[in-house]
file work_26.pdb (PDB, C-alpha atoms, pLDDT in the B column)
ATOM      1  CA  MET A 622     -40.246  -6.955  -2.441  1.00 49.00           C
ATOM      2  CA  VAL A 623     -36.481  -6.501  -2.656  1.00 53.00           C
ATOM      3  CA  ASP A 624     -34.454  -7.559   0.369  1.00 58.00           C
ATOM      4  CA  TYR A 625     -32.263  -4.533   1.114  1.00 64.00           C
ATOM      5  CA  PHE A 626     -30.725  -6.269   4.094  1.00 68.00           C
ATOM      6  CA  GLN A 627     -29.240  -9.248   2.328  1.00 68.00           C
ATOM      7  CA  GLU A 628     -26.257  -9.246   4.698  1.00 64.00           C
ATOM      8  CA  ALA A 629     -28.564  -9.817   7.674  1.00 69.00           C
ATOM      9  CA  ALA A 630     -30.435 -12.609   5.921  1.00 72.00           C
ATOM     10  CA  THR A 631     -27.397 -14.456   4.558  1.00 75.00           C
ATOM     11  CA  GLY A 632     -24.827 -13.652   7.248  1.00 69.00           C
ATOM     12  CA  LYS A 633     -22.377 -12.559   4.544  1.00 71.00           C
ATOM     13  CA  ILE A 634     -21.121  -9.136   3.578  1.00 70.00           C
ATOM     14  CA  ASP A 635     -20.397  -8.697  -0.110  1.00 68.00           C
ATOM     15  CA  LEU A 636     -17.853  -5.982  -0.885  1.00 71.00           C
ATOM     16  CA  GLU A 637     -17.638  -6.735  -4.585  1.00 73.00           C
ATOM     17  CA  ASP A 638     -16.930  -3.099  -5.517  1.00 82.00           C
ATOM     18  CA  ASP A 639     -13.721  -3.105  -3.463  1.00 87.00           C
ATOM     19  CA  ASP A 640     -10.369  -4.694  -4.153  1.00 89.00           C
ATOM     20  CA  PRO A 641     -10.275  -7.991  -2.200  1.00 91.00           C
ATOM     21  CA  PHE A 642      -6.598  -7.653  -1.322  1.00 90.00           C
ATOM     22  CA  THR A 643      -7.211  -4.204   0.173  1.00 93.00           C
ATOM     23  CA  VAL A 644     -10.355  -5.335   1.993  1.00 93.00           C
ATOM     24  CA  ALA A 645      -8.290  -8.084   3.645  1.00 92.00           C
ATOM     25  CA  LYS A 646      -5.863  -5.421   4.885  1.00 94.00           C
ATOM     26  CA  MET A 647      -8.742  -3.297   6.205  1.00 95.00           C
ATOM     27  CA  ILE A 648     -10.169  -6.290   8.074  1.00 93.00           C
ATOM     28  CA  ASP A 649      -6.725  -7.074   9.462  1.00 93.00           C
ATOM     29  CA  PHE A 650      -6.535  -3.502  10.751  1.00 95.00           C
ATOM     30  CA  LEU A 651     -10.024  -3.656  12.271  1.00 94.00           C
ATOM     31  CA  TYR A 652      -9.102  -6.764  14.253  1.00 94.00           C
ATOM     32  CA  ARG A 653      -5.460  -6.098  15.070  1.00 93.00           C
ATOM     33  CA  THR A 654      -5.084  -2.283  14.621  1.00 92.00           C
ATOM     34  CA  ARG A 655      -2.318  -2.885  12.091  1.00 92.00           C
ATOM     35  CA  TYR A 656      -1.826  -4.298   8.615  1.00 93.00           C
ATOM     36  CA  ASN A 657       1.075  -5.350   6.426  1.00 92.00           C
ATOM     37  CA  ASP A 658       1.657  -2.671   3.810  1.00 91.00           C
ATOM     38  CA  ASP A 659       3.640  -4.921   1.474  1.00 86.00           C
ATOM     39  CA  ARG A 660       7.043  -3.395   2.124  1.00 84.00           C
ATOM     40  CA  GLY A 661       8.366  -6.834   1.266  1.00 72.00           C
ATOM     41  CA  VAL A 662       7.031  -6.397  -2.263  1.00 56.00           C
ATOM     42  CA  GLY A 663       9.678  -4.888  -4.444  1.00 50.00           C
ATOM     43  CA  GLU A 664       8.654  -2.708  -7.320  1.00 48.00           C
ATOM     44  CA  GLU A 665       9.666  -5.622  -9.485  1.00 45.00           C
ATOM     45  CA  GLY A 666       7.007  -7.707  -7.736  1.00 43.00           C
ATOM     46  CA  ILE A 667       9.043  -9.964  -5.460  1.00 39.00           C
ATOM     47  CA  MET A 668       7.286 -10.909  -2.236  1.00 41.00           C
ATOM     48  CA  ILE A 669       9.527 -11.287   0.799  1.00 37.00           C
ATOM     49  CA  ASP A 670       6.991 -11.194   3.637  1.00 38.00           C
ATOM     50  CA  GLN A 671       5.027 -14.419   3.372  1.00 39.00           C
ATOM     51  CA  SER A 672       2.360 -13.217   5.836  1.00 41.00           C
ATOM     52  CA  SER A 673       0.834 -11.031   3.123  1.00 38.00           C
ATOM     53  CA  LEU A 674       0.507 -13.830   0.625  1.00 40.00           C
ATOM     54  CA  ILE A 675      -3.072 -15.004   0.504  1.00 40.00           C
ATOM     55  CA  ALA A 676      -2.858 -17.843  -1.962  1.00 32.00           C
ATOM     56  CA  ALA A 677      -5.995 -19.623  -0.829  1.00 29.00           C
ATOM     57  CA  GLU A 678      -9.112 -19.412  -2.950  1.00 31.00           C
ATOM     58  CA  SER A 679     -11.010 -17.399  -0.351  1.00 39.00           C
ATOM     59  CA  LEU A 680     -10.718 -15.522   2.892  1.00 44.00           C
ATOM     60  CA  LYS A 681     -13.410 -16.088   5.455  1.00 44.00           C
ATOM     61  CA  VAL A 682     -13.410 -14.012   8.619  1.00 42.00           C
ATOM     62  CA  GLU A 683     -15.866 -14.957  11.319  1.00 41.00           C
ATOM     63  CA  THR A 684     -16.702 -11.982  13.505  1.00 39.00           C
ATOM     64  CA  PRO A 685     -16.767 -12.588  17.247  1.00 42.00           C
ATOM     65  CA  LEU A 686     -20.020 -10.650  17.743  1.00 38.00           C
ATOM     66  CA  ARG A 687     -22.181 -12.293  15.110  1.00 39.00           C
ATOM     67  CA  ASN A 688     -22.072 -15.273  12.873  1.00 37.00           C
ATOM     68  CA  THR A 689     -21.274 -13.190   9.800  1.00 37.00           C
ATOM     69  CA  SER A 690     -18.413 -13.469   7.392  1.00 38.00           C
ATOM     70  CA  VAL A 691     -16.627 -11.628   4.663  1.00 39.00           C
ATOM     71  CA  ALA A 692     -15.982 -14.078   1.859  1.00 36.00           C
ATOM     72  CA  THR A 693     -13.879 -12.972  -1.042  1.00 37.00           C
ATOM     73  CA  SER A 694     -11.889 -14.629  -3.766  1.00 38.00           C
ATOM     74  CA  LEU A 695      -8.344 -13.321  -3.459  1.00 40.00           C
ATOM     75  CA  PRO A 696      -6.054 -13.447  -6.459  1.00 42.00           C
ATOM     76  CA  LEU A 697      -2.365 -13.500  -5.694  1.00 40.00           C
ATOM     77  CA  ASP A 698      -1.178  -9.897  -6.006  1.00 49.00           C
ATOM     78  CA  THR A 699       2.567  -9.344  -5.856  1.00 49.00           C
ATOM     79  CA  THR A 700       2.787  -6.179  -7.934  1.00 58.00           C
ATOM     80  CA  ARG A 701       1.719  -3.571  -5.416  1.00 75.00           C
ATOM     81  CA  GLY A 702       4.392  -2.325  -3.070  1.00 90.00           C
ATOM     82  CA  PRO A 703       3.703  -0.075  -0.077  1.00 95.00           C
ATOM     83  CA  LEU A 704       2.774   3.140  -1.896  1.00 96.00           C
ATOM     84  CA  ILE A 705      -0.091   1.530  -3.812  1.00 96.00           C
ATOM     85  CA  THR A 706      -1.148  -0.622  -0.858  1.00 95.00           C
ATOM     86  CA  ASN A 707      -1.292   2.291   1.591  1.00 97.00           C
ATOM     87  CA  THR A 708      -3.088   4.448  -0.966  1.00 97.00           C
ATOM     88  CA  LYS A 709      -5.801   1.852  -1.501  1.00 96.00           C
ATOM     89  CA  VAL A 710      -6.147   1.186   2.231  1.00 96.00           C
ATOM     90  CA  TYR A 711      -6.465   4.936   2.823  1.00 97.00           C
ATOM     91  CA  ILE A 712      -9.225   5.170   0.216  1.00 96.00           C
ATOM     92  CA  LEU A 713     -11.162   2.347   1.920  1.00 95.00           C
ATOM     93  CA  GLY A 714     -10.712   4.160   5.241  1.00 95.00           C
ATOM     94  CA  ASP A 715     -12.189   7.250   3.621  1.00 94.00           C
ATOM     95  CA  LYS A 716     -15.029   5.329   1.964  1.00 93.00           C
ATOM     96  CA  TYR A 717     -16.056   3.500   5.149  1.00 93.00           C
ATOM     97  CA  ASP A 718     -15.296   6.461   7.460  1.00 94.00           C
ATOM     98  CA  ILE A 719     -12.541   4.826   9.498  1.00 96.00           C
ATOM     99  CA  PRO A 720     -10.331   7.786  10.557  1.00 96.00           C
ATOM    100  CA  SER A 721      -7.843   5.627  12.457  1.00 97.00           C
ATOM    101  CA  LEU A 722      -7.247   3.509   9.337  1.00 97.00           C
ATOM    102  CA  LYS A 723      -6.649   6.674   7.311  1.00 97.00           C
ATOM    103  CA  GLU A 724      -4.148   7.901   9.919  1.00 97.00           C
ATOM    104  CA  VAL A 725      -2.199   4.641   9.899  1.00 97.00           C
ATOM    105  CA  ALA A 726      -2.227   4.455   6.094  1.00 97.00           C
ATOM    106  CA  THR A 727      -0.980   8.054   5.875  1.00 97.00           C
ATOM    107  CA  ARG A 728       1.818   7.387   8.377  1.00 97.00           C
ATOM    108  CA  LYS A 729       2.881   4.214   6.548  1.00 97.00           C
ATOM    109  CA  TYR A 730       2.760   5.989   3.177  1.00 97.00           C
ATOM    110  CA  LYS A 731       4.888   8.838   4.541  1.00 97.00           C
ATOM    111  CA  GLU A 732       7.496   6.354   5.790  1.00 97.00           C
ATOM    112  CA  ALA A 733       7.514   4.416   2.508  1.00 96.00           C
ATOM    113  CA  VAL A 734       7.659   7.416   0.162  1.00 97.00           C
ATOM    114  CA  LYS A 735      10.985   8.569   1.622  1.00 96.00           C
ATOM    115  CA  ASP A 736      12.864   6.036  -0.485  1.00 93.00           C
ATOM    116  CA  ARG A 737      10.259   5.344  -3.201  1.00 94.00           C
ATOM    117  CA  TRP A 738       9.415   8.821  -4.537  1.00 95.00           C
ATOM    118  CA  ASP A 739      11.585   8.174  -7.607  1.00 93.00           C
ATOM    119  CA  ASN A 740       9.611   5.108  -8.646  1.00 90.00           C
ATOM    120  CA  ASP A 741       6.614   5.011 -11.004  1.00 90.00           C
ATOM    121  CA  THR A 742       4.491   3.697  -8.129  1.00 94.00           C
ATOM    122  CA  PHE A 743       4.724   7.180  -6.574  1.00 97.00           C
ATOM    123  CA  ALA A 744       3.122   8.758  -9.625  1.00 97.00           C
ATOM    124  CA  GLU A 745       0.556   5.952  -9.822  1.00 96.00           C
ATOM    125  CA  SER A 746      -0.385   6.292  -6.151  1.00 97.00           C
ATOM    126  CA  ALA A 747      -0.717  10.083  -6.514  1.00 97.00           C
ATOM    127  CA  ALA A 748      -3.029   9.642  -9.496  1.00 97.00           C
ATOM    128  CA  ILE A 749      -5.171   7.168  -7.530  1.00 96.00           C
ATOM    129  CA  VAL A 750      -5.481   9.566  -4.578  1.00 96.00           C
ATOM    130  CA  TYR A 751      -6.389  12.559  -6.702  1.00 96.00           C
ATOM    131  CA  LYS A 752      -8.959  10.504  -8.596  1.00 95.00           C
ATOM    132  CA  ASN A 753     -10.637   9.094  -5.479  1.00 94.00           C
ATOM    133  CA  ILE A 754     -10.307  11.707  -2.727  1.00 92.00           C
ATOM    134  CA  ILE A 755     -12.411  14.810  -3.293  1.00 86.00           C
ATOM    135  CA  SER A 756     -11.501  16.923  -0.266  1.00 85.00           C
ATOM    136  CA  ASP A 757      -8.823  19.575  -0.684  1.00 79.00           C
ATOM    137  CA  GLU A 758      -7.942  19.243   2.999  1.00 82.00           C
ATOM    138  CA  ASP A 759      -6.517  15.746   3.061  1.00 89.00           C
ATOM    139  CA  GLY A 760      -3.582  14.261   4.964  1.00 93.00           C
ATOM    140  CA  LEU A 761      -2.462  11.841   2.267  1.00 97.00           C
ATOM    141  CA  LYS A 762      -2.613  14.506  -0.435  1.00 96.00           C
ATOM    142  CA  ASP A 763      -0.400  16.685   1.777  1.00 95.00           C
ATOM    143  CA  VAL A 764       2.183  13.886   2.069  1.00 97.00           C
ATOM    144  CA  ILE A 765       2.157  13.340  -1.704  1.00 97.00           C
ATOM    145  CA  VAL A 766       2.481  17.054  -2.435  1.00 97.00           C
ATOM    146  CA  GLU A 767       5.347  17.447   0.042  1.00 96.00           C
ATOM    147  CA  ALA A 768       7.216  14.471  -1.465  1.00 97.00           C
ATOM    148  CA  ALA A 769       6.718  15.944  -4.942  1.00 97.00           C
ATOM    149  CA  ARG A 770       7.778  19.435  -3.830  1.00 96.00           C
ATOM    150  CA  SER A 771      10.909  18.113  -2.140  1.00 96.00           C
ATOM    151  CA  ASN A 772      11.967  16.205  -5.259  1.00 97.00           C
ATOM    152  CA  ILE A 773      10.400  18.298  -8.008  1.00 96.00           C
ATOM    153  CA  CYS A 774      13.529  18.762 -10.139  1.00 95.00           C
ATOM    154  CA  GLN A 775      14.116  15.020 -10.438  1.00 97.00           C
ATOM    155  CA  LEU A 776      10.415  14.183 -10.804  1.00 97.00           C
ATOM    156  CA  LEU A 777       9.964  16.579 -13.716  1.00 96.00           C
ATOM    157  CA  ASN A 778      12.388  14.349 -15.633  1.00 96.00           C
ATOM    158  CA  ARG A 779      10.216  11.278 -15.013  1.00 95.00           C
ATOM    159  CA  GLY A 780       7.674  10.714 -17.766  1.00 94.00           C
ATOM    160  CA  GLU A 781       5.054   8.972 -15.623  1.00 95.00           C
ATOM    161  CA  PHE A 782       5.051  11.764 -13.028  1.00 97.00           C
ATOM    162  CA  VAL A 783       4.783  14.438 -15.720  1.00 97.00           C
ATOM    163  CA  ARG A 784       1.847  12.565 -17.303  1.00 97.00           C
ATOM    164  CA  VAL A 785       0.062  12.454 -13.949  1.00 97.00           C
ATOM    165  CA  LEU A 786       0.547  16.200 -13.490  1.00 97.00           C
ATOM    166  CA  ARG A 787      -0.686  16.944 -17.008  1.00 97.00           C
ATOM    167  CA  ASN A 788      -3.764  14.757 -16.507  1.00 96.00           C
ATOM    168  CA  ASN A 789      -4.597  16.121 -13.071  1.00 95.00           C
ATOM    169  CA  GLY A 790      -4.851  19.870 -12.790  1.00 95.00           C
ATOM    170  CA  ASP A 791      -5.647  19.785  -9.054  1.00 95.00           C
ATOM    171  CA  MET A 792      -2.466  17.881  -8.279  1.00 96.00           C
ATOM    172  CA  ALA A 793      -0.399  20.089 -10.598  1.00 97.00           C
ATOM    173  CA  PHE A 794      -1.773  23.180  -8.855  1.00 95.00           C
ATOM    174  CA  ASP A 795      -1.115  21.754  -5.367  1.00 95.00           C
ATOM    175  CA  VAL A 796       2.480  20.834  -6.279  1.00 96.00           C
ATOM    176  CA  LEU A 797       3.072  24.242  -7.895  1.00 95.00           C
ATOM    177  CA  ARG A 798       1.630  26.106  -4.909  1.00 94.00           C
ATOM    178  CA  ALA A 799       3.712  24.045  -2.468  1.00 94.00           C
ATOM    179  CA  SER A 800       6.845  24.596  -4.562  1.00 93.00           C
ATOM    180  CA  VAL A 801       6.332  28.356  -4.689  1.00 92.00           C
ATOM    181  CA  ILE A 802       4.854  29.290  -1.318  1.00 87.00           C
ATOM    182  CA  GLY A 803       5.113  26.211   0.898  1.00 70.00           C
ATOM    183  CA  ILE A 804       2.995  23.223   1.796  1.00 58.00           C
ATOM    184  CA  GLY A 805       1.042  24.842   4.654  1.00 51.00           C
ATOM    185  CA  SER A 806      -0.378  27.686   2.557  1.00 46.00           C
ATOM    186  CA  LYS A 807      -3.756  26.272   1.523  1.00 51.00           C
TER     187      LYS A 807
END

call {"tool": "encode", "arguments": {"input": "work_26.pdb", "output": "structure tokens"}}
result
Amino acid sequence: MVDYFQEAATGKIDLEDDDPFTVAKMIDFLYRTRYNDDRGVGEEGIMIDQSSLIAAESLKVETPLRNTSVATSLPLDTTRGPLITNTKVYILGDKYDIPSLKEVATRKYKEAVKDRWDNDTFAESAAIVYKNIISDEDGLKDVIVEAARSNICQLLNRGEFVRVLRNNGDMAFDVLRASVIGIGSK
């Protein structure tokens, strides 16, 4: 017989399908209702905020309610920046049905995109969202579409953004609709 409740038997939760760096941020949020969104990481990959560096071989979080842990090998990741970080945290919030995490990730993304919309990480984060979030009614998609609409003339001269639009018809349609008739016209 297969043990479907391995976590209960071993006291460990294995989230091998999820990015360890992002899982650490989700756990941080669950315990402290906040997380570091890597605003100290420049798009060139320079880490300023040392609290986000997890250089140890593993992260082990003991929960106060049970003797369980989340053990994950964490590679040093200094290439993210806040747009990618908040996007991935948002997707975990969606996957594990944590609305408050999605709200915080959306708010942080909205703050960060104000001065990062002209970077390739904006296009990359948009592609990640449109690949992973199915719902048409989505707060993070709305933020991405509004940032694209507000800066569409400049973004259409950016190769990476144009590639994302060409490869994602839903996003292209949302940006076109917002540009023509406004963001709130779904």

call {"tool": "axis_aligned_box", "arguments": {"input": "work_26.pdb", "around": "segment 727-730 of chain A", "padding_each_side": "6 Å", "output": "AutoDock Vina command-line options"}}
result
--center_x 1.0 --center_y 6.1 --center_z 5.8 --size_x 15.9 --size_y 15.8 --size_z 17.2

call {"tool": "closest_residue", "arguments": {"input": "work_26.pdb", "among": "A:Thr654, A:Asn772, A:Asn788, A:Asn707", "to": "Ala748 of chain A", "atoms": "only C-alpha atoms"}}
result
A:Asn788

call {"tool": "resolve_selection", "arguments": {"input": "work_26.pdb", "expression": "the PyMOL selection byres ((chain A and resi 752) around 12)", "output": "MDAnalysis selection string"}}
result
chainID A and resid 708:709 712 745:751 753:756 762 785 788:792

call {"tool": "closest_residue", "arguments": {"input": "work_26.pdb", "among": "A:Gly760, A:Gly803, A:Pro641, A:Gly661", "to": "Tyr730 of chain A", "atoms": "only C-alpha atoms"}}
result
A:Gly760

call {"tool": "atom_distance", "arguments": {"input": "work_26.pdb", "atom1": "atom CA of Asp741 of chain A", "atom2": "atom CA of Arg660 of chain A"}}
result
15.6 Å

call {"tool": "atom_distance", "arguments": {"input": "work_26.pdb", "atom1": "atom CA of Lys723 of chain A", "atom2": "atom CA of Tyr711 of chain A"}}
result
4.8 Å

call {"tool": "atom_distance", "arguments": {"input": "work_26.pdb", "atom1": "atom CA of Ile802 of chain A", "atom2": "atom CA of Asp739 of chain A"}}
result
23.0 Å

call {"tool": "residues_around", "arguments": {"input": "work_26.pdb", "residues": "Ser721 of chain A", "least_positions_apart": "5", "cutoff": "10 Å", "atoms": "only C-alpha atoms", "output": "JSON, numbers by chain"}}
result
{"A": [650, 651, 654, 711, 714, 715, 726, 727]}

call {"tool": "resolve_selection", "arguments": {"input": "work_26.pdb", "expression": "the PyMOL selection byres ((chain A and resi 647) around 8)", "output": "list in words"}}
result
Thr643, Val644, Ala645, Lys646, Ile648, Asp649, Phe650, Leu651, Tyr656, Val710, Leu713, Gly714 and Leu722 of chain A

call {"tool": "closest_residue", "arguments": {"input": "work_26.pdb", "among": "A:Leu776, A:Ile719, A:Leu704, A:Val725", "to": "Phe743 of chain A", "atoms": "all atoms listed in the file"}}
result
A:Leu704

call {"tool": "resolve_selection", "arguments": {"input": "work_26.pdb", "expression": "the PyMOL selection byres ((chain A and resi 768) around 12)", "output": "ChimeraX atom specification"}}
result
/A:730-739,743-744,747,761-767,769-776,795-796,799-800,804

call {"tool": "closest_residue", "arguments": {"input": "work_26.pdb", "among": "A:Glu637, A:Phe642, A:Phe782, A:Thr742", "to": "Ile705 of chain A", "atoms": "only C-alpha atoms"}}
result
A:Thr742
